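Structure first, commentary second.
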Amino acid sequence: MSDAQHEYEEHHQGPIKTPKQLIVAVAFSFLVPIIGIILLVTFVASGTREGAGGEGLTAQAIAARIAPVGKVEVRDASDVAALKSGEDVFKAQCSACHATGAAGSPKFGDAAAWGPRVKAGFDSLLHSALKGKNAMPPQGGGDFSDVEIARAVVYMANAGGAKFEEPKVQAAAAPAADASAAAPAANADATAAVQKALAGATAAAGTGAAAAGAVPALYTQVCQACHAAGVAGAPKVGDKAAWAPRVGQGVDGLTASAIKGKGAMPPKGGSQASDAEIKEVVTYMVNSAK
């Protein structure tokens, strides 16, 4: 055999040259796939065991995943124990602005900032808190009862130098034979102090308003915020001089303005009232100026 042929054979021979090398290669060709399969099965099995017994399938985790997005909380206004204190309402809602004096709100404990407001009286402060004022939405954007808001007003005002007395709330009376009559009586006791404060703002509208007939609910809930005291240029209820140039437009014309909004007043006074309800309030205020 020539040197060239010998060199050619050396370059073109495989890596397996002996029977022992062949046996090892065959063994590896079987063992490597088997080991790979075993490792893969072990990995999958361990993941399954972890999912079955892990925290993802515990009763608490499942309950958290299937819990409804929202919930309805029903509170009994006659349950004194369920009502939050003024401090609790302040911490939960009011502190967002009043703790630092944000957005022009009087800072908690700042006697200088609270002084002019305290002089305006508890009724005025409560009315502003319930209906909203300037950057503050009604109830500060929270969802509390009128009594709870009244407590928060007293808590903040007293920290600023006032000496307001917290509204008294009576416990529900013992069950009577007529349960349907007992429930309204308990609710009336729970909100008596706040209703008295709101009634004071309505009474300030003047004797002309009293002659106009029953006060519409919408007026008490929304319109009196400005019209009871003539806030932001609104004609004060019972003020004949302020209403004189407006009465000439007629009830229909004034109703149209109230529905669309005018000046500082938003459409429908910021309420969701119907056109008929708006007309009822307009009629009431026009009649009070006659």
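Residues in the structure tokens are numbered from 1 in each chain, the chains being A, B, ... in the order shown, and ligands are numbered from 1 in the order shown.
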
Identify, on the basis of only C-alpha atoms, every residue whose closest approach to segment 109-125 of chain A does not exceed 7 Å; exclude the query and any residue fewer than 3 positions from it along the same chain; express the result as a ChimeraX atom specification. /A:106,128-129,153,157,159-162,197-198

Polymer residues at most 12 Å from segment 245-252 of chain A, only C-alpha atoms, same-chain spacing of 2 or more positions, as a PyMOL selection string: chain A and resi 234-236+239-243+254-259+275-276+278-290

Write the residues of the selection above to a file with N, CA and C atoms, as a PDB file, in the first residue's frame.
ATOM      1  N   ALA A 234     -76.184  83.353  42.783  1.00  0.00           N
ATOM      2  CA  ALA A 234     -77.512  82.748  42.643  1.00  0.00           C
ATOM      3  C   ALA A 234     -78.547  83.623  43.347  1.00  0.00           C
ATOM      4  N   PRO A 235     -79.723  83.842  42.733  1.00  0.00           N
ATOM      5  CA  PRO A 235     -80.756  84.658  43.391  1.00  0.00           C
ATOM      6  C   PRO A 235     -81.278  83.941  44.638  1.00  0.00           C
ATOM      7  N   LYS A 236     -81.227  84.619  45.749  1.00  0.00           N
ATOM      8  CA  LYS A 236     -81.639  84.024  47.015  1.00  0.00           C
ATOM      9  C   LYS A 236     -83.148  83.827  47.039  1.00  0.00           C
ATOM     10  N   ASP A 239     -85.964  86.571  47.828  1.00  0.00           N
ATOM     11  CA  ASP A 239     -85.437  87.917  47.570  1.00  0.00           C
ATOM     12  C   ASP A 239     -86.109  88.466  46.302  1.00  0.00           C
ATOM     13  N   LYS A 240     -87.125  89.281  46.473  1.00  0.00           N
ATOM     14  CA  LYS A 240     -87.901  89.790  45.333  1.00  0.00           C
ATOM     15  C   LYS A 240     -87.050  90.628  44.402  1.00  0.00           C
ATOM     16  N   ALA A 241     -86.130  91.421  44.947  1.00  0.00           N
ATOM     17  CA  ALA A 241     -85.288  92.267  44.105  1.00  0.00           C
ATOM     18  C   ALA A 241     -84.378  91.421  43.215  1.00  0.00           C
ATOM     19  N   ALA A 242     -83.848  90.337  43.762  1.00  0.00           N
ATOM     20  CA  ALA A 242     -82.944  89.488  42.981  1.00  0.00           C
ATOM     21  C   ALA A 242     -83.697  88.717  41.907  1.00  0.00           C
ATOM     22  N   TRP A 243     -84.947  88.349  42.185  1.00  0.00           N
ATOM     23  CA  TRP A 243     -85.719  87.554  41.245  1.00  0.00           C
ATOM     24  C   TRP A 243     -86.487  88.382  40.230  1.00  0.00           C
ATOM     25  N   LEU A 254     -86.978  79.975  32.699  1.00  0.00           N
ATOM     26  CA  LEU A 254     -86.050  79.725  33.804  1.00  0.00           C
ATOM     27  C   LEU A 254     -85.746  78.235  33.934  1.00  0.00           C
ATOM     28  N   THR A 255     -86.755  77.420  33.658  1.00  0.00           N
ATOM     29  CA  THR A 255     -86.531  75.977  33.717  1.00  0.00           C
ATOM     30  C   THR A 255     -85.530  75.543  32.659  1.00  0.00           C
ATOM     31  N   ALA A 256     -85.648  76.098  31.462  1.00  0.00           N
ATOM     32  CA  ALA A 256     -84.702  75.763  30.386  1.00  0.00           C
ATOM     33  C   ALA A 256     -83.283  76.150  30.771  1.00  0.00           C
ATOM     34  N   SER A 257     -83.122  77.326  31.417  1.00  0.00           N
ATOM     35  CA  SER A 257     -81.783  77.762  31.848  1.00  0.00           C
ATOM     36  C   SER A 257     -81.230  76.834  32.916  1.00  0.00           C
ATOM     37  N   ALA A 258     -82.104  76.411  33.837  1.00  0.00           N
ATOM     38  CA  ALA A 258     -81.654  75.525  34.908  1.00  0.00           C
ATOM     39  C   ALA A 258     -81.238  74.168  34.361  1.00  0.00           C
ATOM     40  N   ILE A 259     -81.961  73.705  33.344  1.00  0.00           N
ATOM     41  CA  ILE A 259     -81.631  72.409  32.757  1.00  0.00           C
ATOM     42  C   ILE A 259     -80.293  72.467  32.024  1.00  0.00           C
ATOM     43  N   ASP A 275     -86.598  66.654  34.135  1.00  0.00           N
ATOM     44  CA  ASP A 275     -87.021  68.010  33.760  1.00  0.00           C
ATOM     45  C   ASP A 275     -88.216  68.455  34.603  1.00  0.00           C
ATOM     46  N   ALA A 276     -89.103  67.500  34.906  1.00  0.00           N
ATOM     47  CA  ALA A 276     -90.285  67.846  35.703  1.00  0.00           C
ATOM     48  C   ALA A 276     -89.888  68.279  37.113  1.00  0.00           C
ATOM     49  N   ILE A 278     -87.020  69.637  37.952  1.00  0.00           N
ATOM     50  CA  ILE A 278     -86.382  70.958  37.833  1.00  0.00           C
ATOM     51  C   ILE A 278     -87.455  72.042  37.745  1.00  0.00           C
ATOM     52  N   LYS A 279     -88.478  71.795  36.959  1.00  0.00           N
ATOM     53  CA  LYS A 279     -89.557  72.783  36.810  1.00  0.00           C
ATOM     54  C   LYS A 279     -90.278  72.994  38.141  1.00  0.00           C
ATOM     55  N   GLU A 280     -90.450  71.944  38.912  1.00  0.00           N
ATOM     56  CA  GLU A 280     -91.118  72.053  40.215  1.00  0.00           C
ATOM     57  C   GLU A 280     -90.329  72.979  41.140  1.00  0.00           C
ATOM     58  N   VAL A 281     -88.996  72.826  41.140  1.00  0.00           N
ATOM     59  CA  VAL A 281     -88.162  73.670  42.001  1.00  0.00           C
ATOM     60  C   VAL A 281     -88.179  75.114  41.521  1.00  0.00           C
ATOM     61  N   VAL A 282     -88.093  75.307  40.202  1.00  0.00           N
ATOM     62  CA  VAL A 282     -88.124  76.659  39.646  1.00  0.00           C
ATOM     63  C   VAL A 282     -89.438  77.342  40.011  1.00  0.00           C
ATOM     64  N   THR A 283     -90.536  76.614  39.866  1.00  0.00           N
ATOM     65  CA  THR A 283     -91.846  77.171  40.218  1.00  0.00           C
ATOM     66  C   THR A 283     -91.890  77.569  41.686  1.00  0.00           C
ATOM     67  N   TYR A 284     -91.343  76.728  42.530  1.00  0.00           N
ATOM     68  CA  TYR A 284     -91.321  77.007  43.974  1.00  0.00           C
ATOM     69  C   TYR A 284     -90.526  78.286  44.255  1.00  0.00           C
ATOM     70  N   MET A 285     -89.358  78.440  43.632  1.00  0.00           N
ATOM     71  CA  MET A 285     -88.522  79.616  43.915  1.00  0.00           C
ATOM     72  C   MET A 285     -89.135  80.885  43.317  1.00  0.00           C
ATOM     73  N   VAL A 286     -89.757  80.771  42.149  1.00  0.00           N
ATOM     74  CA  VAL A 286     -90.404  81.937  41.547  1.00  0.00           C
ATOM     75  C   VAL A 286     -91.571  82.390  42.416  1.00  0.00           C
ATOM     76  N   ASN A 287     -92.370  81.456  42.882  1.00  0.00           N
ATOM     77  CA  ASN A 287     -93.504  81.796  43.714  1.00  0.00           C
ATOM     78  C   ASN A 287     -93.074  82.421  45.049  1.00  0.00           C
ATOM     79  N   SER A 288     -91.908  82.001  45.540  1.00  0.00           N
ATOM     80  CA  SER A 288     -91.427  82.554  46.801  1.00  0.00           C
ATOM     81  C   SER A 288     -91.016  84.018  46.680  1.00  0.00           C
ATOM     82  N   ALA A 289     -90.806  84.464  45.441  1.00  0.00           N
ATOM     83  CA  ALA A 289     -90.384  85.864  45.224  1.00  0.00           C
ATOM     84  C   ALA A 289     -91.558  86.751  44.873  1.00  0.00           C
ATOM     85  N   LYS A 290     -92.755  86.247  44.848  1.00  0.00           N
ATOM     86  CA  LYS A 290     -93.920  87.050  44.493  1.00  0.00           C
ATOM     87  C   LYS A 290     -94.520  87.711  45.739  1.00  0.00           C
TER      88      LYS A 290
END

Nearest to Tyr219 of chain A by atom-to-atom distance, counting only C-alpha atoms, from A:Ala244, A:Asn134, A:Glu277, A:Gly238: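 The closest residue to Tyr219 of chain A is A:Glu277.
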
Please provide as a ChimeraX atom specification all residues within 6 Å of segment 90-96 of chain A, with the sequence filter that same-chain residues fewer than 3 positions apart are discarded (counting only C-alpha atoms). /A:87,99,152

Produce a file of the selected residues containing N, CA and C atoms, as a PDB file, in the first residue's frame.
ATOM      1  N   GLU A  87     -63.404  60.903  64.104  1.00  0.00           N
ATOM      2  CA  GLU A  87     -61.988  60.628  63.841  1.00  0.00           C
ATOM      3  C   GLU A  87     -61.829  59.539  62.791  1.00  0.00           C
ATOM      4  N   ALA A  99     -55.446  66.890  56.001  1.00  0.00           N
ATOM      5  CA  ALA A  99     -54.240  66.627  56.788  1.00  0.00           C
ATOM      6  C   ALA A  99     -53.088  67.534  56.375  1.00  0.00           C
ATOM      7  N   ALA A 152     -67.587  64.027  61.689  1.00  0.00           N
ATOM      8  CA  ALA A 152     -66.286  64.409  61.148  1.00  0.00           C
ATOM      9  C   ALA A 152     -66.125  65.926  61.133  1.00  0.00           C
TER      10      ALA A 152
END
